[in-house]
file work-v4.cif (mmCIF, N, CA and C atoms)
data_my_file
#
loop_
_atom_site.label_atom_id
_atom_site.label_comp_id
_atom_site.auth_asym_id
_atom_site.auth_seq_id
_atom_site.Cartn_x
_atom_site.Cartn_y
_atom_site.Cartn_z
N MET A 21 -46.42 164.89 -24.73
CA MET A 21 -47.20 164.16 -23.72
C MET A 21 -48.33 165.05 -23.22
N LYS A 22 -49.53 164.53 -23.26
CA LYS A 22 -50.70 165.26 -22.78
C LYS A 22 -50.77 165.11 -21.26
N HIS A 23 -50.81 166.23 -20.55
CA HIS A 23 -50.80 166.17 -19.10
C HIS A 23 -52.21 166.10 -18.52
N LEU A 24 -52.94 167.20 -18.56
CA LEU A 24 -54.31 167.20 -18.06
C LEU A 24 -55.23 166.85 -19.22
N GLN A 25 -56.01 165.80 -19.05
CA GLN A 25 -56.82 165.25 -20.13
C GLN A 25 -58.06 166.08 -20.46
N LYS A 26 -58.83 166.39 -19.42
CA LYS A 26 -60.11 167.11 -19.58
C LYS A 26 -60.58 167.52 -18.20
N ILE A 27 -61.60 168.36 -18.17
CA ILE A 27 -62.25 168.62 -16.89
C ILE A 27 -63.04 167.36 -16.56
N GLU A 28 -62.67 166.72 -15.47
CA GLU A 28 -63.32 165.47 -15.06
C GLU A 28 -64.63 165.79 -14.35
N HIS A 29 -64.57 166.75 -13.42
CA HIS A 29 -65.78 167.20 -12.76
C HIS A 29 -65.56 168.54 -12.08
N ILE A 30 -66.66 169.15 -11.73
CA ILE A 30 -66.64 170.36 -10.90
C ILE A 30 -67.30 169.98 -9.59
N GLY A 31 -66.59 170.22 -8.48
CA GLY A 31 -67.11 169.89 -7.16
C GLY A 31 -67.81 171.08 -6.55
N ILE A 32 -69.02 170.86 -6.05
CA ILE A 32 -69.82 171.92 -5.45
C ILE A 32 -70.15 171.53 -4.02
N ALA A 33 -69.73 172.37 -3.07
CA ALA A 33 -70.02 172.14 -1.66
C ALA A 33 -71.44 172.58 -1.36
N ILE A 34 -72.18 171.69 -0.69
CA ILE A 34 -73.57 171.99 -0.31
C ILE A 34 -73.80 171.55 1.12
N ARG A 35 -74.82 172.10 1.74
CA ARG A 35 -75.14 171.74 3.13
C ARG A 35 -75.98 170.47 3.22
N ASP A 36 -76.88 170.28 2.28
CA ASP A 36 -77.83 169.17 2.34
C ASP A 36 -77.81 168.42 1.01
N LEU A 37 -77.32 167.19 1.03
CA LEU A 37 -77.15 166.43 -0.21
C LEU A 37 -78.48 166.17 -0.91
N GLN A 38 -79.52 165.83 -0.16
CA GLN A 38 -80.81 165.52 -0.80
C GLN A 38 -81.41 166.76 -1.47
N LYS A 39 -81.31 167.91 -0.80
CA LYS A 39 -81.80 169.15 -1.41
C LYS A 39 -80.97 169.48 -2.66
N GLY A 40 -79.67 169.27 -2.56
CA GLY A 40 -78.79 169.50 -3.71
C GLY A 40 -79.14 168.58 -4.87
N ASN A 41 -79.39 167.31 -4.56
CA ASN A 41 -79.78 166.35 -5.61
C ASN A 41 -81.06 166.78 -6.30
N THR A 42 -82.03 167.24 -5.52
CA THR A 42 -83.29 167.70 -6.09
C THR A 42 -83.06 168.91 -6.99
N LEU A 43 -82.29 169.88 -6.51
CA LEU A 43 -82.02 171.09 -7.27
C LEU A 43 -81.30 170.77 -8.58
N TYR A 44 -80.20 170.00 -8.51
CA TYR A 44 -79.43 169.72 -9.71
C TYR A 44 -80.13 168.76 -10.65
N SER A 45 -81.01 167.90 -10.14
CA SER A 45 -81.84 167.06 -11.02
C SER A 45 -82.76 167.94 -11.86
N LYS A 46 -83.31 168.97 -11.23
CA LYS A 46 -84.17 169.91 -11.96
C LYS A 46 -83.37 170.70 -12.99
N ILE A 47 -82.21 171.21 -12.58
CA ILE A 47 -81.39 172.02 -13.49
C ILE A 47 -80.92 171.20 -14.68
N LEU A 48 -80.39 170.01 -14.41
CA LEU A 48 -79.75 169.20 -15.45
C LEU A 48 -80.72 168.27 -16.19
N GLY A 49 -81.90 168.06 -15.61
CA GLY A 49 -82.89 167.20 -16.26
C GLY A 49 -82.61 165.72 -16.13
N VAL A 50 -81.69 165.34 -15.24
CA VAL A 50 -81.37 163.93 -14.99
C VAL A 50 -81.11 163.74 -13.50
N PRO A 51 -81.36 162.54 -12.99
CA PRO A 51 -81.05 162.28 -11.58
C PRO A 51 -79.56 162.02 -11.39
N ALA A 52 -79.11 162.11 -10.16
CA ALA A 52 -77.74 161.71 -9.84
C ALA A 52 -77.59 160.24 -10.21
N TYR A 53 -76.46 159.87 -10.79
CA TYR A 53 -76.25 158.48 -11.16
C TYR A 53 -75.54 157.70 -10.07
N LYS A 54 -75.02 158.40 -9.06
CA LYS A 54 -74.28 157.70 -8.02
C LYS A 54 -74.23 158.57 -6.77
N GLU A 55 -74.39 157.92 -5.61
CA GLU A 55 -74.11 158.54 -4.32
C GLU A 55 -73.06 157.68 -3.65
N GLU A 56 -72.15 158.33 -2.95
CA GLU A 56 -71.05 157.59 -2.33
C GLU A 56 -70.54 158.37 -1.12
N GLU A 57 -70.15 157.64 -0.08
CA GLU A 57 -69.54 158.28 1.08
C GLU A 57 -68.05 157.97 1.08
N VAL A 58 -67.24 159.00 1.27
CA VAL A 58 -65.80 158.85 1.42
C VAL A 58 -65.53 159.08 2.90
N THR A 59 -65.51 157.99 3.66
CA THR A 59 -65.44 158.11 5.12
C THR A 59 -64.14 158.75 5.59
N SER A 60 -63.05 158.50 4.88
CA SER A 60 -61.76 159.08 5.29
C SER A 60 -61.77 160.60 5.21
N GLU A 61 -62.62 161.17 4.35
CA GLU A 61 -62.69 162.62 4.18
C GLU A 61 -63.94 163.22 4.85
N HIS A 62 -64.76 162.36 5.46
CA HIS A 62 -65.99 162.80 6.12
C HIS A 62 -66.89 163.58 5.15
N VAL A 63 -67.13 162.97 4.00
CA VAL A 63 -67.95 163.62 2.99
C VAL A 63 -68.84 162.59 2.29
N LYS A 64 -70.03 163.04 1.94
CA LYS A 64 -70.92 162.23 1.13
C LYS A 64 -71.08 162.97 -0.19
N THR A 65 -71.01 162.21 -1.29
CA THR A 65 -71.03 162.82 -2.61
C THR A 65 -72.16 162.25 -3.46
N SER A 66 -72.55 163.01 -4.46
CA SER A 66 -73.40 162.49 -5.52
C SER A 66 -72.88 163.07 -6.82
N PHE A 67 -73.10 162.31 -7.90
CA PHE A 67 -72.56 162.68 -9.21
C PHE A 67 -73.66 162.76 -10.25
N PHE A 68 -73.52 163.77 -11.11
CA PHE A 68 -74.40 163.97 -12.26
C PHE A 68 -73.52 164.01 -13.50
N LYS A 69 -73.94 163.36 -14.57
CA LYS A 69 -73.21 163.43 -15.84
C LYS A 69 -73.72 164.62 -16.65
N VAL A 70 -72.77 165.35 -17.22
CA VAL A 70 -73.07 166.49 -18.07
C VAL A 70 -72.15 166.37 -19.27
N GLY A 71 -72.63 165.76 -20.36
CA GLY A 71 -71.76 165.49 -21.51
C GLY A 71 -70.63 164.58 -21.08
N GLU A 72 -69.39 164.97 -21.36
CA GLU A 72 -68.22 164.17 -20.96
C GLU A 72 -67.78 164.47 -19.54
N SER A 73 -68.30 165.53 -18.95
CA SER A 73 -67.89 165.93 -17.60
C SER A 73 -68.95 165.55 -16.58
N LYS A 74 -68.65 165.85 -15.34
CA LYS A 74 -69.57 165.54 -14.25
C LYS A 74 -69.65 166.72 -13.28
N ILE A 75 -70.74 166.75 -12.55
CA ILE A 75 -70.89 167.64 -11.41
C ILE A 75 -70.88 166.74 -10.19
N GLU A 76 -70.06 167.09 -9.20
CA GLU A 76 -70.01 166.34 -7.94
C GLU A 76 -70.53 167.25 -6.83
N LEU A 77 -71.57 166.81 -6.15
CA LEU A 77 -72.05 167.53 -4.98
C LEU A 77 -71.38 166.92 -3.76
N LEU A 78 -70.90 167.78 -2.85
CA LEU A 78 -70.19 167.31 -1.66
C LEU A 78 -70.86 167.87 -0.41
N ALA A 79 -71.26 166.99 0.50
CA ALA A 79 -71.85 167.39 1.76
C ALA A 79 -71.04 166.78 2.90
N SER A 80 -70.81 167.56 3.91
CA SER A 80 -70.02 167.11 5.05
C SER A 80 -70.79 166.10 5.89
N THR A 81 -70.06 165.11 6.43
CA THR A 81 -70.66 164.18 7.38
C THR A 81 -70.10 164.39 8.79
N HIS A 82 -69.18 165.36 8.93
CA HIS A 82 -68.59 165.65 10.24
C HIS A 82 -68.14 167.11 10.26
N GLU A 83 -68.31 167.75 11.39
CA GLU A 83 -68.01 169.19 11.51
C GLU A 83 -66.54 169.55 11.32
N THR A 84 -65.64 168.56 11.37
CA THR A 84 -64.21 168.86 11.19
C THR A 84 -63.72 168.61 9.77
N SER A 85 -64.61 168.20 8.87
CA SER A 85 -64.19 167.89 7.50
C SER A 85 -63.81 169.15 6.74
N ALA A 86 -63.05 168.97 5.69
CA ALA A 86 -62.67 170.09 4.83
C ALA A 86 -63.91 170.77 4.23
N ILE A 87 -64.92 169.99 3.90
CA ILE A 87 -66.14 170.57 3.32
C ILE A 87 -66.88 171.40 4.37
N ALA A 88 -66.96 170.91 5.61
CA ALA A 88 -67.61 171.67 6.68
C ALA A 88 -66.88 173.00 6.90
N LYS A 89 -65.57 172.97 6.89
CA LYS A 89 -64.78 174.20 7.06
C LYS A 89 -65.00 175.15 5.90
N PHE A 90 -65.03 174.61 4.68
CA PHE A 90 -65.29 175.43 3.50
C PHE A 90 -66.65 176.10 3.60
N LEU A 91 -67.68 175.33 3.95
CA LEU A 91 -69.03 175.87 4.05
C LEU A 91 -69.11 176.96 5.11
N LYS A 92 -68.44 176.76 6.22
CA LYS A 92 -68.46 177.76 7.29
C LYS A 92 -67.78 179.06 6.84
N LYS A 93 -66.70 178.93 6.11
CA LYS A 93 -65.93 180.10 5.68
C LYS A 93 -66.54 180.79 4.46
N ARG A 94 -66.98 180.01 3.47
CA ARG A 94 -67.40 180.57 2.18
C ARG A 94 -68.85 180.35 1.81
N GLY A 95 -69.50 179.41 2.48
CA GLY A 95 -70.88 179.08 2.11
C GLY A 95 -70.91 178.11 0.94
N GLU A 96 -72.10 177.79 0.49
CA GLU A 96 -72.26 176.85 -0.61
C GLU A 96 -71.69 177.43 -1.90
N GLY A 97 -71.15 176.54 -2.73
CA GLY A 97 -70.65 177.00 -4.02
C GLY A 97 -69.56 176.09 -4.55
N ILE A 98 -68.91 176.54 -5.62
CA ILE A 98 -67.86 175.73 -6.25
C ILE A 98 -66.72 175.54 -5.26
N HIS A 99 -66.38 174.29 -5.05
CA HIS A 99 -65.30 173.92 -4.13
C HIS A 99 -64.01 173.64 -4.88
N HIS A 100 -64.10 172.92 -6.02
CA HIS A 100 -62.90 172.59 -6.79
C HIS A 100 -63.23 172.27 -8.24
N ILE A 101 -62.17 172.31 -9.05
CA ILE A 101 -62.25 171.85 -10.43
C ILE A 101 -61.29 170.68 -10.54
N ALA A 102 -61.79 169.56 -11.05
CA ALA A 102 -60.98 168.35 -11.15
C ALA A 102 -60.63 168.07 -12.61
N PHE A 103 -59.37 167.68 -12.81
CA PHE A 103 -58.88 167.33 -14.14
C PHE A 103 -58.47 165.86 -14.14
N ALA A 104 -58.83 165.16 -15.21
CA ALA A 104 -58.42 163.76 -15.38
C ALA A 104 -56.97 163.72 -15.83
N VAL A 105 -56.21 162.79 -15.25
CA VAL A 105 -54.81 162.56 -15.64
C VAL A 105 -54.60 161.06 -15.80
N ASP A 106 -53.63 160.69 -16.63
CA ASP A 106 -53.31 159.28 -16.81
C ASP A 106 -52.34 158.76 -15.75
N HIS A 107 -51.41 159.61 -15.33
CA HIS A 107 -50.36 159.19 -14.39
C HIS A 107 -50.25 160.22 -13.27
N LEU A 108 -50.94 159.94 -12.17
CA LEU A 108 -51.06 160.90 -11.07
C LEU A 108 -49.70 161.29 -10.49
N GLU A 109 -48.86 160.31 -10.20
CA GLU A 109 -47.57 160.62 -9.60
C GLU A 109 -46.71 161.47 -10.53
N SER A 110 -46.76 161.20 -11.81
CA SER A 110 -46.00 162.00 -12.79
C SER A 110 -46.47 163.44 -12.80
N GLU A 111 -47.78 163.62 -12.75
CA GLU A 111 -48.32 164.99 -12.75
C GLU A 111 -47.98 165.72 -11.45
N ILE A 112 -48.00 165.01 -10.33
CA ILE A 112 -47.61 165.63 -9.07
C ILE A 112 -46.15 166.09 -9.16
N SER A 113 -45.29 165.22 -9.65
CA SER A 113 -43.86 165.57 -9.79
C SER A 113 -43.68 166.75 -10.74
N ARG A 114 -44.37 166.72 -11.87
CA ARG A 114 -44.25 167.80 -12.86
C ARG A 114 -44.67 169.13 -12.26
N LEU A 115 -45.81 169.14 -11.58
CA LEU A 115 -46.31 170.39 -11.02
C LEU A 115 -45.48 170.88 -9.84
N LYS A 116 -44.96 169.95 -9.03
CA LYS A 116 -44.04 170.35 -7.96
C LYS A 116 -42.80 171.01 -8.55
N ALA A 117 -42.29 170.46 -9.65
CA ALA A 117 -41.11 171.04 -10.32
C ALA A 117 -41.42 172.44 -10.85
N GLU A 118 -42.69 172.69 -11.16
CA GLU A 118 -43.12 174.01 -11.62
C GLU A 118 -43.37 174.97 -10.46
N GLY A 119 -43.23 174.47 -9.21
CA GLY A 119 -43.37 175.32 -8.04
C GLY A 119 -44.71 175.25 -7.33
N PHE A 120 -45.57 174.34 -7.73
CA PHE A 120 -46.87 174.22 -7.08
C PHE A 120 -46.78 173.41 -5.80
N THR A 121 -47.63 173.75 -4.84
CA THR A 121 -47.70 173.07 -3.57
C THR A 121 -48.96 172.21 -3.55
N PHE A 122 -48.87 171.05 -2.91
CA PHE A 122 -50.03 170.16 -2.81
C PHE A 122 -50.57 170.16 -1.39
N VAL A 123 -51.88 169.99 -1.28
CA VAL A 123 -52.54 169.94 0.02
C VAL A 123 -52.02 168.75 0.82
N SER A 124 -51.82 167.63 0.14
CA SER A 124 -51.27 166.42 0.74
C SER A 124 -50.16 165.91 -0.17
N GLU A 125 -49.10 165.41 0.41
CA GLU A 125 -47.94 164.97 -0.37
C GLU A 125 -48.18 163.67 -1.13
N THR A 126 -49.14 162.88 -0.69
CA THR A 126 -49.39 161.59 -1.35
C THR A 126 -50.84 161.51 -1.83
N PRO A 127 -51.08 160.82 -2.94
CA PRO A 127 -52.45 160.66 -3.44
C PRO A 127 -53.33 159.92 -2.43
N LYS A 128 -54.63 160.21 -2.51
CA LYS A 128 -55.61 159.56 -1.64
C LYS A 128 -56.66 158.88 -2.51
N LEU A 129 -57.40 157.97 -1.90
CA LEU A 129 -58.56 157.39 -2.57
C LEU A 129 -59.69 158.40 -2.49
N GLY A 130 -60.30 158.67 -3.63
CA GLY A 130 -61.41 159.60 -3.69
C GLY A 130 -62.68 158.88 -4.10
N ALA A 131 -63.70 159.65 -4.38
CA ALA A 131 -64.97 159.09 -4.83
C ALA A 131 -64.89 158.70 -6.30
N ASP A 132 -65.85 157.94 -6.75
CA ASP A 132 -66.05 157.60 -8.16
C ASP A 132 -64.87 156.83 -8.75
N ASN A 133 -64.28 155.93 -7.94
CA ASN A 133 -63.21 155.05 -8.40
C ASN A 133 -61.96 155.82 -8.86
N LYS A 134 -61.56 156.81 -8.07
CA LYS A 134 -60.42 157.65 -8.43
C LYS A 134 -59.39 157.70 -7.31
N ARG A 135 -58.13 157.89 -7.73
CA ARG A 135 -57.05 158.32 -6.84
C ARG A 135 -56.90 159.81 -7.10
N VAL A 136 -56.72 160.60 -6.04
CA VAL A 136 -56.75 162.05 -6.20
C VAL A 136 -55.61 162.74 -5.44
N ALA A 137 -55.29 163.92 -5.91
CA ALA A 137 -54.36 164.82 -5.23
C ALA A 137 -54.84 166.24 -5.52
N PHE A 138 -54.64 167.14 -4.55
CA PHE A 138 -55.13 168.51 -4.67
C PHE A 138 -53.97 169.50 -4.68
N VAL A 139 -53.98 170.40 -5.68
CA VAL A 139 -53.03 171.50 -5.74
C VAL A 139 -53.59 172.61 -4.86
N HIS A 140 -52.75 173.17 -4.01
CA HIS A 140 -53.19 174.17 -3.05
C HIS A 140 -53.75 175.40 -3.76
N PRO A 141 -54.90 175.90 -3.29
CA PRO A 141 -55.52 177.06 -3.96
C PRO A 141 -54.66 178.33 -3.91
N LYS A 142 -53.77 178.44 -2.95
CA LYS A 142 -52.93 179.65 -2.88
C LYS A 142 -52.02 179.77 -4.10
N ASP A 143 -51.75 178.64 -4.76
CA ASP A 143 -50.91 178.65 -5.96
C ASP A 143 -51.73 178.75 -7.25
N CYS A 144 -53.06 178.76 -7.14
CA CYS A 144 -53.92 178.68 -8.32
C CYS A 144 -55.00 179.77 -8.30
N SER A 145 -54.62 180.97 -7.92
CA SER A 145 -55.56 182.11 -7.90
C SER A 145 -56.80 181.83 -7.06
N GLY A 146 -56.61 181.09 -5.97
CA GLY A 146 -57.72 180.80 -5.06
C GLY A 146 -58.59 179.63 -5.45
N VAL A 147 -58.23 178.91 -6.52
CA VAL A 147 -59.02 177.76 -6.98
C VAL A 147 -58.34 176.47 -6.54
N LEU A 148 -59.08 175.60 -5.87
CA LEU A 148 -58.57 174.28 -5.51
C LEU A 148 -58.65 173.40 -6.75
N ILE A 149 -57.50 172.86 -7.16
CA ILE A 149 -57.42 172.01 -8.35
C ILE A 149 -57.22 170.57 -7.89
N GLU A 150 -58.06 169.68 -8.38
CA GLU A 150 -57.95 168.26 -8.08
C GLU A 150 -57.45 167.53 -9.32
N LEU A 151 -56.49 166.65 -9.12
CA LEU A 151 -56.03 165.76 -10.18
C LEU A 151 -56.63 164.40 -9.90
N CYS A 152 -57.26 163.78 -10.90
CA CYS A 152 -57.95 162.49 -10.73
C CYS A 152 -57.38 161.46 -11.67
N GLU A 153 -57.09 160.30 -11.13
CA GLU A 153 -56.64 159.17 -11.94
C GLU A 153 -57.60 158.02 -11.71
N GLU A 154 -58.16 157.50 -12.79
CA GLU A 154 -59.07 156.35 -12.71
C GLU A 154 -58.30 155.16 -12.14
N ILE A 155 -58.90 154.47 -11.18
CA ILE A 155 -58.28 153.27 -10.62
C ILE A 155 -58.54 152.13 -11.58
N ASN A 156 -57.48 151.50 -12.03
CA ASN A 156 -57.56 150.38 -12.95
C ASN A 156 -58.07 149.17 -12.19
N GLU A 157 -59.19 148.64 -12.62
CA GLU A 157 -59.81 147.50 -11.94
C GLU A 157 -58.85 146.31 -11.81
N SER A 158 -58.07 146.01 -12.85
CA SER A 158 -57.17 144.87 -12.80
C SER A 158 -56.02 145.09 -11.81
N ALA A 159 -55.67 146.37 -11.57
CA ALA A 159 -54.60 146.67 -10.62
C ALA A 159 -55.04 146.45 -9.19
N GLN A 160 -56.36 146.44 -8.95
CA GLN A 160 -56.88 146.27 -7.59
C GLN A 160 -56.87 144.81 -7.16
N LYS A 161 -56.81 143.89 -8.09
CA LYS A 161 -56.93 142.46 -7.77
C LYS A 161 -55.62 141.85 -7.43
#

call {"tool": "encode", "arguments": {"input": "work-v4.cif", "output": "structure tokens"}}
result
Amino acid sequence: MKHLQKIEHIGIAIRDLQKGNTLYSKILGVPAYKEEEVTSEHVKTSFFKVGESKIELLASTHETSAIAKFLKKRGEGIHHIAFAVDHLESEISRLKAEGFTFVSETPKLGADNKRVAFVHPKDCSGVLIELCEEINESAQK
């Protein structure tokens, strides 16, 4: 059974989404294909396609958000690496059995039509790992 499918995206924390969009449009040679606000997480995101993977820019919309705290502590830069999975709950169970801790015990709705869960960076050499499961459109109806 294949567990982690591929790198789904790399999340980069930035202070100003529009400046970030301009910078990454220049670097990648393409505009962001989507902007989205995840109000529950107090974050605004934009996405760029890079081959099969994506770059996600994350800007805080509130001073108490995880992104605001990250920026205050570490400054702009890579926030997380996200991996695509087919069965989020199965992967959470598998990794918990391996001794990993999760930031939240239950999956959340994330940006870009995904359900997500985060493995705590203390268990991953300081890297925040996100597991992403595509939300099946037919399951939403």

call {"tool": "resolve_selection", "arguments": {"input": "work-v4.cif", "expression": "the PyMOL selection byres ((chain A and resi 79) around 8)", "output": "PyMOL selection string"}}
result
chain A and resi 32-37+62-66+76-78+80-82+87-88

call {"tool": "resolve_selection", "arguments": {"input": "work-v4.cif", "expression": "the PyMOL selection byres ((chain A and resi 100) around 8)", "output": "ChimeraX atom specification"}}
result
/A:29-33,97-99,101-103,147-150

call {"tool": "select_by_dssp", "arguments": {"input": "work-v4.cif", "residues": "region 77-121 of chain A", "states": "strand (DSSP E or B)", "output": "ChimeraX atom specification"}}
result
/A:77-80,97-104

call {"tool": "closest_residue", "arguments": {"input": "work-v4.cif", "among": "A:Val50, A:Lys69, A:Glu125, A:Lys134", "to": "Glu153 (chain A)", "atoms": "all atoms listed in the file"}}
result
A:Lys134

call {"tool": "atom_distance", "arguments": {"input": "work-v4.cif", "atom1": "atom C of Asn41 (chain A)", "atom2": "atom C of Leu91 (chain A)"}}
result
19.4 Å
